[in-house]
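What follows is the content of model28.cif (mmCIF, C-alpha atoms and all ligand atoms).
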data_run
#
loop_
_atom_site.label_atom_id
_atom_site.label_comp_id
_atom_site.auth_asym_id
_atom_site.auth_seq_id
_atom_site.Cartn_x
_atom_site.Cartn_y
_atom_site.Cartn_z
CA MET N 20 -12.76 17.74 -18.40
CA LYS N 21 -15.56 15.27 -17.70
CA ILE N 22 -14.69 11.62 -17.82
CA CYS N 23 -17.20 8.82 -17.55
CA ILE N 24 -15.73 5.73 -15.91
CA LEU N 25 -17.06 2.31 -16.88
CA ALA N 26 -15.04 -0.01 -14.66
CA GLY N 27 -16.97 -3.16 -15.69
CA ASP N 28 -16.09 -6.67 -14.53
CA GLY N 29 -13.16 -8.80 -13.38
CA ILE N 30 -9.94 -6.80 -13.16
CA GLY N 31 -11.76 -3.73 -14.59
CA PRO N 32 -12.22 -1.86 -11.28
CA GLU N 33 -8.60 -2.54 -10.16
CA ILE N 34 -6.92 -1.27 -13.32
CA VAL N 35 -9.27 1.69 -13.73
CA ALA N 36 -8.50 2.79 -10.15
CA GLN N 37 -4.81 3.09 -11.07
CA GLY N 38 -5.75 5.00 -14.22
CA VAL N 39 -7.76 7.53 -12.24
CA LYS N 40 -4.80 8.13 -9.91
CA VAL N 41 -2.65 8.88 -12.95
CA LEU N 42 -5.24 11.32 -14.28
CA ASP N 43 -5.42 13.09 -10.92
CA LYS N 44 -1.64 13.37 -10.85
CA VAL N 45 -1.64 14.82 -14.38
CA GLY N 46 -4.28 17.31 -13.24
CA GLU N 47 -2.14 18.30 -10.26
CA LYS N 48 1.01 18.63 -12.31
CA PHE N 49 -0.46 20.54 -15.26
CA GLY N 50 -3.16 22.50 -13.44
CA CYS N 51 -6.34 21.02 -14.87
CA THR N 52 -9.29 19.27 -13.26
CA PHE N 53 -10.87 15.99 -14.22
CA GLU N 54 -14.44 15.40 -13.08
CA TYR N 55 -15.59 11.82 -12.94
CA SER N 56 -18.95 10.14 -13.28
CA GLU N 57 -19.39 6.39 -13.02
CA ALA N 58 -21.78 4.07 -14.82
CA LEU N 59 -22.48 0.36 -15.18
CA ILE N 60 -21.68 -1.87 -18.14
CA GLY N 61 -21.35 -5.60 -18.74
CA GLY N 62 -21.90 -8.22 -16.06
CA VAL N 63 -22.24 -5.78 -13.16
CA ALA N 64 -24.94 -3.96 -15.14
CA ILE N 65 -26.76 -7.26 -15.81
CA ASP N 66 -26.72 -8.06 -12.09
CA ALA N 67 -28.01 -4.61 -11.15
CA THR N 68 -30.48 -3.87 -13.95
CA GLY N 69 -31.09 -7.06 -15.95
CA GLY N 70 -29.25 -5.76 -19.05
CA PRO N 71 -25.59 -5.08 -20.00
CA LEU N 72 -26.09 -1.45 -21.06
CA PRO N 73 -28.62 0.62 -19.12
CA ASP N 74 -29.91 3.79 -20.83
CA SER N 75 -28.43 5.85 -17.99
CA THR N 76 -24.95 4.58 -18.95
CA VAL N 77 -25.38 5.72 -22.54
CA GLU N 78 -26.58 9.14 -21.36
CA ARG N 79 -23.69 9.60 -18.96
CA CYS N 80 -21.16 8.60 -21.63
CA LYS N 81 -22.61 11.06 -24.14
CA GLU N 82 -22.43 13.88 -21.57
CA ALA N 83 -18.71 13.29 -20.96
CA ASP N 84 -15.66 14.54 -22.86
CA ALA N 85 -14.27 11.01 -22.89
CA VAL N 86 -15.05 7.54 -21.55
CA LEU N 87 -12.61 5.22 -19.78
CA LEU N 88 -13.58 1.54 -19.85
CA GLY N 89 -12.01 -1.31 -17.85
CA ALA N 90 -13.29 -4.62 -19.23
CA VAL N 91 -16.47 -6.66 -19.34
CA GLY N 92 -17.43 -10.32 -19.07
CA GLY N 93 -16.64 -13.37 -16.99
CA PRO N 94 -17.70 -16.98 -16.40
CA LYS N 95 -20.62 -15.89 -14.23
CA TRP N 96 -22.43 -14.58 -17.31
CA ASP N 97 -21.17 -17.11 -19.90
CA THR N 98 -24.33 -19.18 -19.89
CA ILE N 99 -26.99 -16.48 -19.79
CA ASP N 100 -29.29 -15.52 -22.67
CA PRO N 101 -26.96 -14.49 -25.54
CA SER N 102 -29.05 -11.39 -26.23
CA ILE N 103 -28.02 -9.85 -22.89
CA ARG N 104 -24.44 -11.09 -22.58
CA PRO N 105 -21.86 -8.61 -21.19
CA GLU N 106 -20.20 -8.24 -24.62
CA LYS N 107 -23.51 -6.88 -25.94
CA GLY N 108 -22.88 -3.90 -23.66
CA LEU N 109 -19.60 -3.22 -25.48
CA LEU N 110 -21.10 -3.52 -28.94
CA GLY N 111 -24.04 -1.40 -27.80
CA ILE N 112 -22.02 1.47 -26.36
CA ARG N 113 -19.85 1.65 -29.49
CA LYS N 114 -22.99 1.83 -31.62
CA ALA N 115 -24.77 4.33 -29.33
CA MET N 116 -21.77 6.68 -29.30
CA GLY N 117 -21.18 6.32 -33.05
CA LEU N 118 -17.65 5.00 -32.45
CA PHE N 119 -16.89 3.65 -35.89
CA ALA N 120 -13.07 3.67 -35.69
CA ASN N 121 -10.96 1.56 -33.38
CA LEU N 122 -7.28 2.50 -33.20
CA ARG N 123 -5.04 -0.19 -31.80
CA PRO N 124 -1.32 0.40 -31.70
CA ALA N 125 0.74 -2.77 -31.27
CA VAL N 126 4.12 -1.62 -30.04
CA LEU N 127 7.03 -3.69 -28.85
CA PHE N 128 8.61 -1.80 -25.92
CA PRO N 129 12.41 -2.14 -26.11
CA GLN N 130 12.42 -3.09 -22.41
CA LEU N 131 10.05 -6.01 -23.13
CA LYS N 132 11.80 -7.45 -26.20
CA HIS N 133 12.20 -10.78 -24.42
CA ALA N 134 8.40 -11.20 -24.29
CA CYS N 135 7.97 -11.02 -28.07
CA TYR N 136 7.00 -14.32 -29.65
CA LEU N 137 8.93 -13.68 -32.85
CA ARG N 138 12.64 -14.42 -33.48
CA PRO N 139 14.88 -11.47 -32.54
CA ASP N 140 16.06 -11.07 -36.17
CA ILE N 141 12.44 -10.58 -37.30
CA VAL N 142 11.81 -7.73 -34.87
CA GLU N 143 15.30 -6.25 -34.71
CA ASN N 144 14.00 -2.99 -36.15
CA GLY N 145 11.19 -2.86 -33.62
CA LEU N 146 7.48 -3.39 -34.07
CA ASP N 147 5.03 -0.53 -34.31
CA VAL N 148 1.82 -1.29 -36.18
CA MET N 149 -1.42 0.66 -35.90
CA VAL N 150 -4.50 -1.40 -36.74
CA VAL N 151 -7.47 0.80 -37.68
CA ARG N 152 -10.54 -1.41 -37.41
CA GLU N 153 -14.05 -0.50 -38.55
CA LEU N 154 -16.15 -0.96 -35.47
CA THR N 155 -19.86 -0.45 -36.03
CA GLY N 156 -20.56 -2.24 -39.30
CA GLY N 157 -19.75 -5.47 -41.05
CA ILE N 158 -20.75 -8.94 -39.98
CA TYR N 159 -21.15 -8.18 -36.27
CA PHE N 160 -24.12 -5.93 -37.02
CA GLY N 161 -25.31 -6.97 -40.49
CA GLU N 162 -28.90 -8.06 -41.03
CA PRO N 163 -30.36 -10.54 -41.59
CA ARG N 164 -28.88 -12.77 -38.91
CA LEU N 165 -30.42 -15.89 -37.47
CA GLU N 166 -29.98 -18.94 -35.31
CA GLY N 167 -32.69 -21.38 -36.31
CA GLU N 168 -33.61 -24.93 -37.21
CA ILE N 169 -34.08 -26.41 -40.62
CA GLU N 170 -35.08 -30.02 -41.40
CA GLY N 171 -34.42 -31.04 -37.81
CA GLU N 172 -30.91 -29.57 -37.52
CA ARG N 173 -29.70 -26.23 -36.14
CA TYR N 174 -28.25 -23.64 -38.47
CA GLY N 175 -27.19 -20.03 -38.27
CA TYR N 176 -26.05 -17.16 -40.45
CA ASN N 177 -24.81 -13.58 -40.32
CA THR N 178 -24.44 -10.96 -43.00
CA MET N 179 -21.28 -9.01 -43.85
CA VAL N 180 -22.43 -5.71 -45.27
CA TYR N 181 -20.68 -2.36 -45.79
CA ARG N 182 -22.08 0.80 -47.28
CA GLU N 183 -19.87 3.25 -49.10
CA HIS N 184 -20.00 6.00 -46.46
CA GLU N 185 -18.91 3.53 -43.76
CA ILE N 186 -15.84 2.58 -45.79
CA ARG N 187 -15.00 6.15 -46.75
CA ARG N 188 -14.93 7.46 -43.18
CA ILE N 189 -12.77 4.62 -41.80
CA ALA N 190 -10.38 4.98 -44.76
CA ARG N 191 -10.04 8.67 -43.93
CA VAL N 192 -9.20 7.88 -40.28
CA ALA N 193 -6.49 5.49 -41.50
CA PHE N 194 -5.01 7.95 -43.99
CA GLU N 195 -4.99 10.71 -41.35
CA ALA N 196 -3.33 8.35 -38.85
CA ALA N 197 -0.70 7.39 -41.43
CA ARG N 198 0.13 11.06 -42.02
CA LYS N 199 1.11 11.33 -38.33
CA ARG N 200 3.17 8.12 -38.50
CA GLY N 201 5.03 6.39 -41.31
CA GLY N 202 2.80 7.54 -44.19
CA ARG N 203 1.75 4.04 -45.30
CA VAL N 204 -1.66 2.33 -45.25
CA CYS N 205 -2.31 -1.31 -46.07
CA SER N 206 -6.01 -2.04 -46.65
CA VAL N 207 -6.89 -5.62 -45.76
CA ASP N 208 -9.85 -7.42 -47.34
CA LYS N 209 -10.90 -10.65 -49.02
CA ALA N 210 -11.71 -9.17 -52.41
CA ASN N 211 -10.87 -12.43 -54.20
CA VAL N 212 -13.91 -14.09 -52.62
CA LEU N 213 -16.27 -11.55 -51.06
CA ASP N 214 -18.42 -9.03 -52.94
CA VAL N 215 -18.46 -6.81 -49.86
CA SER N 216 -14.64 -6.70 -50.01
CA ARG N 217 -14.62 -5.65 -53.66
CA VAL N 218 -16.77 -2.65 -52.74
CA TRP N 219 -14.43 -2.00 -49.78
CA ARG N 220 -11.35 -1.98 -52.02
CA ASP N 221 -12.91 0.26 -54.69
CA VAL N 222 -14.02 2.83 -52.12
CA VAL N 223 -10.65 2.85 -50.32
CA VAL N 224 -8.89 3.44 -53.67
CA ASP N 225 -11.34 6.22 -54.47
CA GLU N 226 -10.85 7.93 -51.09
CA HIS N 227 -7.08 7.65 -51.48
CA ALA N 228 -7.25 10.27 -54.23
CA GLU N 229 -7.50 12.88 -51.44
CA TYR N 230 -4.35 11.49 -49.76
CA ALA N 231 -1.78 11.28 -52.51
CA ASP N 232 1.01 11.79 -49.94
CA VAL N 233 0.09 8.49 -48.24
CA GLU N 234 1.20 5.20 -49.79
CA LEU N 235 -1.67 2.71 -50.20
CA SER N 236 -1.36 -1.05 -50.67
CA HIS N 237 -3.88 -3.91 -50.46
CA MET N 238 -3.60 -7.37 -48.99
CA TYR N 239 -5.94 -10.33 -48.58
CA VAL N 240 -6.68 -11.08 -44.96
CA ASP N 241 -5.18 -14.60 -45.00
CA ASN N 242 -1.91 -13.22 -46.36
CA ALA N 243 -2.00 -10.32 -43.86
CA ALA N 244 -2.30 -12.82 -40.99
CA MET N 245 0.83 -14.56 -42.31
CA GLN N 246 2.78 -11.39 -43.07
CA LEU N 247 2.19 -10.09 -39.55
CA VAL N 248 4.23 -12.95 -38.12
CA ARG N 249 6.69 -13.26 -41.03
CA ASP N 250 7.64 -9.58 -41.33
CA PRO N 251 5.57 -7.20 -39.16
CA GLY N 252 8.00 -4.34 -39.81
CA GLN N 253 6.52 -3.94 -43.32
CA PHE N 254 3.30 -2.49 -41.84
CA ASP N 255 2.64 1.04 -40.67
CA VAL N 256 -1.17 1.44 -40.60
CA ILE N 257 -3.50 -1.46 -41.40
CA VAL N 258 -7.12 -0.54 -42.16
CA THR N 259 -9.76 -3.23 -42.29
CA GLY N 260 -13.35 -4.20 -41.49
CA ASN N 261 -14.80 -5.25 -38.18
CA LEU N 262 -14.28 -9.03 -38.29
CA PHE N 263 -10.84 -9.04 -39.92
CA GLY N 264 -9.77 -6.16 -37.66
CA ASP N 265 -10.89 -8.00 -34.56
CA ILE N 266 -8.64 -10.92 -35.43
CA LEU N 267 -5.64 -9.05 -36.88
CA SER N 268 -5.48 -6.51 -34.05
CA ASP N 269 -5.39 -9.35 -31.54
CA GLU N 270 -2.72 -11.12 -33.57
CA ALA N 271 -0.57 -7.97 -33.77
CA ALA N 272 -1.02 -7.45 -30.04
CA ALA N 273 -0.23 -11.05 -29.14
CA ILE N 274 3.03 -10.92 -31.12
CA THR N 275 4.33 -8.28 -28.73
CA GLY N 276 3.81 -10.81 -25.94
CA SER N 277 2.34 -8.17 -23.67
CA ILE N 278 -1.45 -8.10 -23.74
CA GLY N 279 -1.41 -6.14 -20.48
CA MET N 280 0.53 -3.29 -22.13
CA LEU N 281 -1.64 -2.33 -25.08
CA PRO N 282 -4.18 0.52 -25.16
CA SER N 283 -6.91 1.38 -27.64
CA ALA N 284 -9.05 4.30 -28.71
CA SER N 285 -12.49 4.20 -30.29
CA LEU N 286 -13.49 7.37 -32.08
CA GLY N 287 -16.55 8.74 -33.85
CA ALA N 288 -17.06 11.66 -36.18
CA ASP N 289 -17.43 13.98 -33.19
CA GLY N 290 -18.41 13.59 -29.53
CA PRO N 291 -16.50 11.73 -26.84
CA GLY N 292 -14.08 8.93 -27.61
CA LEU N 293 -13.87 5.70 -25.64
CA TYR N 294 -10.54 4.47 -24.31
CA GLU N 295 -9.83 0.99 -23.00
CA PRO N 296 -7.08 -1.61 -22.66
CA ILE N 297 -7.29 -4.28 -25.35
CA HIS N 298 -7.32 -7.16 -22.89
CA GLY N 299 -10.44 -8.65 -21.31
CA SER N 300 -11.60 -8.92 -17.73
CA ALA N 301 -9.02 -11.63 -16.83
CA PRO N 302 -11.32 -13.44 -14.37
CA ASP N 303 -8.47 -15.83 -13.48
CA ILE N 304 -6.59 -13.04 -11.68
CA ALA N 305 -9.42 -10.67 -10.72
CA GLY N 306 -9.35 -9.24 -7.21
CA GLN N 307 -5.81 -10.51 -6.53
CA ASP N 308 -3.76 -7.38 -7.19
CA LYS N 309 -2.04 -9.17 -10.09
CA ALA N 310 -3.36 -7.31 -13.13
CA ASN N 311 -1.05 -5.10 -15.16
CA PRO N 312 -2.53 -1.57 -15.14
CA LEU N 313 -0.20 -0.20 -17.83
CA ALA N 314 -2.56 -0.81 -20.79
CA THR N 315 -5.19 1.26 -18.97
CA ILE N 316 -2.67 3.96 -18.09
CA LEU N 317 -1.52 4.09 -21.73
CA SER N 318 -5.19 4.29 -22.80
CA ILE N 319 -5.38 7.45 -20.73
CA ALA N 320 -2.43 8.85 -22.66
CA MET N 321 -4.37 8.14 -25.87
CA MET N 322 -7.42 9.85 -24.32
CA LEU N 323 -5.47 13.00 -23.54
CA ARG N 324 -3.97 13.05 -27.03
CA HIS N 325 -7.10 12.30 -29.09
CA SER N 326 -10.00 13.73 -27.05
CA MET N 327 -8.40 16.56 -25.10
CA ASP N 328 -5.64 17.92 -27.27
CA MET N 329 -3.16 17.39 -24.42
CA ALA N 330 -0.19 15.93 -26.27
CA GLU N 331 2.39 17.11 -23.75
CA GLU N 332 0.52 15.44 -20.88
CA ALA N 333 0.13 12.27 -22.96
CA ASP N 334 3.87 12.18 -23.69
CA CYS N 335 4.52 12.62 -20.00
CA ILE N 336 2.46 9.53 -19.11
CA GLU N 337 4.14 7.45 -21.81
CA GLN N 338 7.57 8.49 -20.59
CA ALA N 339 6.63 7.63 -17.01
CA VAL N 340 5.57 4.14 -18.17
CA GLN N 341 8.84 3.69 -20.10
CA LYS N 342 10.84 4.78 -17.06
CA THR N 343 8.91 2.38 -14.83
CA LEU N 344 9.81 -0.47 -17.18
CA GLU N 345 13.44 0.67 -17.28
CA GLN N 346 13.50 0.55 -13.48
CA GLY N 347 12.62 -3.13 -13.78
CA TYR N 348 9.08 -3.14 -12.36
CA ARG N 349 7.06 -6.04 -13.78
CA THR N 350 3.63 -7.54 -13.13
CA GLY N 351 3.29 -11.30 -13.59
CA ASP N 352 2.27 -11.12 -17.26
CA ILE N 353 5.54 -9.42 -18.29
CA MET N 354 7.81 -10.90 -15.63
CA GLU N 355 11.39 -11.85 -16.45
CA GLN N 356 14.36 -13.04 -14.45
CA GLY N 357 15.95 -10.42 -12.24
CA ALA N 358 13.05 -7.97 -12.51
CA LYS N 359 11.15 -6.47 -9.58
CA ALA N 360 7.85 -8.34 -9.22
CA VAL N 361 4.98 -5.99 -8.34
CA GLY N 362 1.21 -6.10 -8.22
CA THR N 363 -1.38 -3.76 -9.71
CA LYS N 364 -1.18 -1.13 -6.98
CA ALA N 365 2.61 -1.05 -6.77
CA MET N 366 2.92 -0.78 -10.54
CA GLY N 367 0.47 2.15 -10.50
CA ALA N 368 2.41 3.76 -7.64
CA ALA N 369 5.69 3.44 -9.55
CA VAL N 370 4.18 5.22 -12.57
CA LEU N 371 2.82 7.97 -10.30
CA GLU N 372 6.24 8.42 -8.75
CA ASN N 373 7.82 8.73 -12.19
CA LEU N 374 5.15 11.19 -13.31
P1 LIG N 401 -8.47 -11.85 -21.19
O1 LIG N 401 -7.80 -10.78 -21.96
O2 LIG N 401 -9.38 -11.41 -20.12
O3 LIG N 401 -7.36 -12.80 -20.53
C1 LIG N 401 -6.45 -13.57 -21.30
C2 LIG N 401 -5.22 -13.90 -20.43
O4 LIG N 401 -4.44 -12.72 -20.28
C3 LIG N 401 -5.58 -14.36 -19.04
O5 LIG N 401 -4.66 -15.33 -18.62
C4 LIG N 401 -5.44 -13.11 -18.19
O6 LIG N 401 -5.10 -13.37 -16.84
C5 LIG N 401 -4.32 -12.38 -18.91
N1 LIG N 401 -4.47 -10.91 -18.79
C6 LIG N 401 -5.39 -10.13 -19.42
N2 LIG N 401 -5.24 -8.86 -19.04
C7 LIG N 401 -4.23 -8.83 -18.16
C8 LIG N 401 -3.61 -7.79 -17.41
N3 LIG N 401 -4.01 -6.51 -17.48
N4 LIG N 401 -2.61 -8.12 -16.58
C9 LIG N 401 -2.18 -9.39 -16.47
N5 LIG N 401 -2.72 -10.40 -17.16
C10 LIG N 401 -3.74 -10.13 -17.99
O7 LIG N 401 -9.25 -12.77 -22.25
P2 LIG N 401 -10.20 -14.02 -22.00
O8 LIG N 401 -9.68 -14.86 -20.88
O9 LIG N 401 -10.37 -14.61 -23.34
O10 LIG N 401 -11.59 -13.39 -21.58
C11 LIG N 401 -12.03 -13.22 -20.24
C12 LIG N 401 -13.35 -12.44 -20.26
O11 LIG N 401 -13.11 -11.13 -20.78
C13 LIG N 401 -14.41 -13.07 -21.16
O12 LIG N 401 -15.65 -12.95 -20.52
C14 LIG N 401 -14.35 -12.24 -22.42
O13 LIG N 401 -15.59 -12.22 -23.09
C15 LIG N 401 -14.02 -10.88 -21.86
N6 LIG N 401 -13.35 -9.96 -22.81
C16 LIG N 401 -13.67 -8.66 -22.67
C17 LIG N 401 -13.03 -7.73 -23.48
C18 LIG N 401 -13.35 -6.27 -23.25
O14 LIG N 401 -13.95 -5.92 -22.26
N7 LIG N 401 -12.95 -5.39 -24.15
C19 LIG N 401 -12.07 -8.13 -24.41
C20 LIG N 401 -11.74 -9.49 -24.49
C21 LIG N 401 -12.39 -10.40 -23.67
#

Can you give me the file's structure in the form of structure tokens?
Amino acid sequence: MKICILAGDGIGPEIVAQGVKVLDKVGEKFGCTFEYSEALIGGVAIDATGGPLPDSTVERCKEADAVLLGAVGGPKWDTIDPSIRPEKGLLGIRKAMGLFANLRPAVLFPQLKHACYLRPDIVENGLDVMVVRELTGGIYFGEPRLEGEIEGERYGYNTMVYREHEIRRIARVAFEAARKRGGRVCSVDKANVLDVSRVWRDVVVDEHAEYADVELSHMYVDNAAMQLVRDPGQFDVIVTGNLFGDILSDEAAAITGSIGMLPSASLGADGPGLYEPIHGSAPDIAGQDKANPLATILSIAMMLRHSMDMAEEADCIEQAVQKTLEQGYRTGDIMEQGAKAVGTKAMGAAVLENL
């Protein structure tokens, strides 16, 4: 299996290093070999090449069976020309690889219940929501877009646009995901105000005809944002567009209280998928052996499951993470009284030991 590593900026290289050790251990244990190539993205790519996504990075990613990404961005590049900011590298690689579906599970680990921001009675039945976000369309890519000046004052606009085929394929990913989980999809839009959302809703309903075994409901995005904190247990799979998905997936993640624990997968119609922790480059703790590597390690479990058909190996990683938490190991972000405080490397080593 060929894996392209995009370590990126900030804590990226530290957490990815622990992920690679886990992959090697899985290879050893199950008798398979992972070959790695490395490429630049984000701020480090800007420093080396003048842009956040060199062509060679795109080529290397496309040649691989899967891509593992750390994180991009940091204060060093906050004030540079917006057209070459590190985040452009992320948007660019998703577009170049045709990764139109972003799967983000927000799970409350029983061992980390104390970290959850919601009242215990609200999450007593656990929290396990999968947000399926459309990733390559909508307002982040829509044209026309402009920052300009009119009558002496600055103005700007973007365009939220979705074509039918873009909605159909993301709806299918959500329905398929629901079949492997709780069998329920909630499609989130703003159909009371936006024309683009009315098209979204119609197409999702139409596509649902092929998935009669899955329950479909609809919710406006403002209500969905409220319902996620009022009663998150009502959701199984949420499917939504790029902008709403960006916000709701972060909200669902934040509720768990453990941003350093949550993985993600970005998938296309075929070709390699891209796997990354949901958190950013955490410049405040970069290079200090403080970052939690578990979101990256769990992203590798998703990689094995979705891109390599290695469900048993994926389960094994997830169980090793659970056991590590049960043993009381905690990085600073999930620390609690009486737990064993560890850094990035020691947390990685504990998972390896449990593997
Ligand atoms: P962030 O996720 O990097 O950090 C938010 C807070 O969470 C910080 O206090 C950080 O220390 C902490 N944190 C994040 N990951 C952690 C981990 N693994 N272990 C322990 N603590 C962790 O978000 P931010 O501060 O808003 O952004 C920092 C930079 O990252 C910005 O340049 C932003 O653009 C970029 N960013 C990148 C991605 C990505 O690469 N996918 C996503 C979000 C933000």

Q: Could you give me, as number ranges by chain, the residues within 8 Å of stretch 247-258 of chain N, counting all atoms listed in the file and dropping anything in the same chain fewer than 2 positions from it?
A: N: 137, 141-142, 144-153, 189-190, 193, 196-197, 200-207, 243-245, 260, 264, 270-271, 274

Hey, which residues sit close to ligand LIG 401 (chain N)? Say within 7 Å, counting all atoms listed in the file, and write them as a PDB file with C-alpha atoms, keeping the file's coordinate frame.
ATOM      1  CA  GLY N  89     -12.010  -1.310 -17.850  1.00  0.00           C
ATOM      2  CA  ALA N  90     -13.290  -4.620 -19.230  1.00  0.00           C
ATOM      3  CA  VAL N  91     -16.470  -6.660 -19.340  1.00  0.00           C
ATOM      4  CA  GLY N  92     -17.430 -10.320 -19.070  1.00  0.00           C
ATOM      5  CA  GLY N  93     -16.640 -13.370 -16.990  1.00  0.00           C
ATOM      6  CA  PRO N  94     -17.700 -16.980 -16.400  1.00  0.00           C
ATOM      7  CA  ASP N  97     -21.170 -17.110 -19.900  1.00  0.00           C
ATOM      8  CA  GLU N 106     -20.200  -8.240 -24.620  1.00  0.00           C
ATOM      9  CA  ILE N 278      -1.450  -8.100 -23.740  1.00  0.00           C
ATOM     10  CA  GLY N 279      -1.410  -6.140 -20.480  1.00  0.00           C
ATOM     11  CA  ILE N 297      -7.290  -4.280 -25.350  1.00  0.00           C
ATOM     12  CA  HIS N 298      -7.320  -7.160 -22.890  1.00  0.00           C
ATOM     13  CA  GLY N 299     -10.440  -8.650 -21.310  1.00  0.00           C
ATOM     14  CA  SER N 300     -11.600  -8.920 -17.730  1.00  0.00           C
ATOM     15  CA  ALA N 301      -9.020 -11.630 -16.830  1.00  0.00           C
ATOM     16  CA  PRO N 302     -11.320 -13.440 -14.370  1.00  0.00           C
ATOM     17  CA  ASP N 303      -8.470 -15.830 -13.480  1.00  0.00           C
ATOM     18  CA  ILE N 304      -6.590 -13.040 -11.680  1.00  0.00           C
ATOM     19  CA  LYS N 309      -2.040  -9.170 -10.090  1.00  0.00           C
ATOM     20  CA  ALA N 310      -3.360  -7.310 -13.130  1.00  0.00           C
ATOM     21  CA  ASN N 311      -1.050  -5.100 -15.160  1.00  0.00           C
ATOM     22  CA  PRO N 312      -2.530  -1.570 -15.140  1.00  0.00           C
ATOM     23  CA  ALA N 314      -2.560  -0.810 -20.790  1.00  0.00           C
ATOM     24  CA  THR N 350       3.630  -7.540 -13.130  1.00  0.00           C
ATOM     25  CA  GLY N 351       3.290 -11.300 -13.590  1.00  0.00           C
ATOM     26  CA  ASP N 352       2.270 -11.120 -17.260  1.00  0.00           C
TER      27      ASP N 352
END

(Q) When you look at stretch 107-116 of chain N with a cut-off of 8 Å (counting all atoms listed in the file), what residues show up, excluding the ones that are within fewer than 6 positions of it in the same chain? I need them as a PyMOL selection string. (A) chain N and resi 60-61+71-72+77+80-81+91+154-155+285+287+290-291

Q. Expressed in Å to a single decimal, how great is the separation between atom CA of N:Thr259 and atom CA of N:Tyr159?
A.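 Going from atom CA of N:Thr259 over to atom CA of N:Tyr159, I get 13.8 Å.
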
**Q.** Option closest in space to N:Phe263, from N:Glu54, N:Asp232, N:Asp225, N:Asp208 [counting all atoms listed in the file]
**A.** N:Asp208

Q. What is the distance between atom CA of N:Ser56 and atom CA of N:Val192, in Å to one decimal?
A. 28.8 Å

Q: Rank N:Phe160, N:Trp96, N:Phe128, N:Tyr239 by their smallest atom-to-atom distance to N:Val340, using all atoms listed in the file, and report the top residue only.
A: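 Going through N:Phe160, N:Trp96, N:Phe128, N:Tyr239 one by one, the smallest distance to N:Val340 is for N:Phe128.
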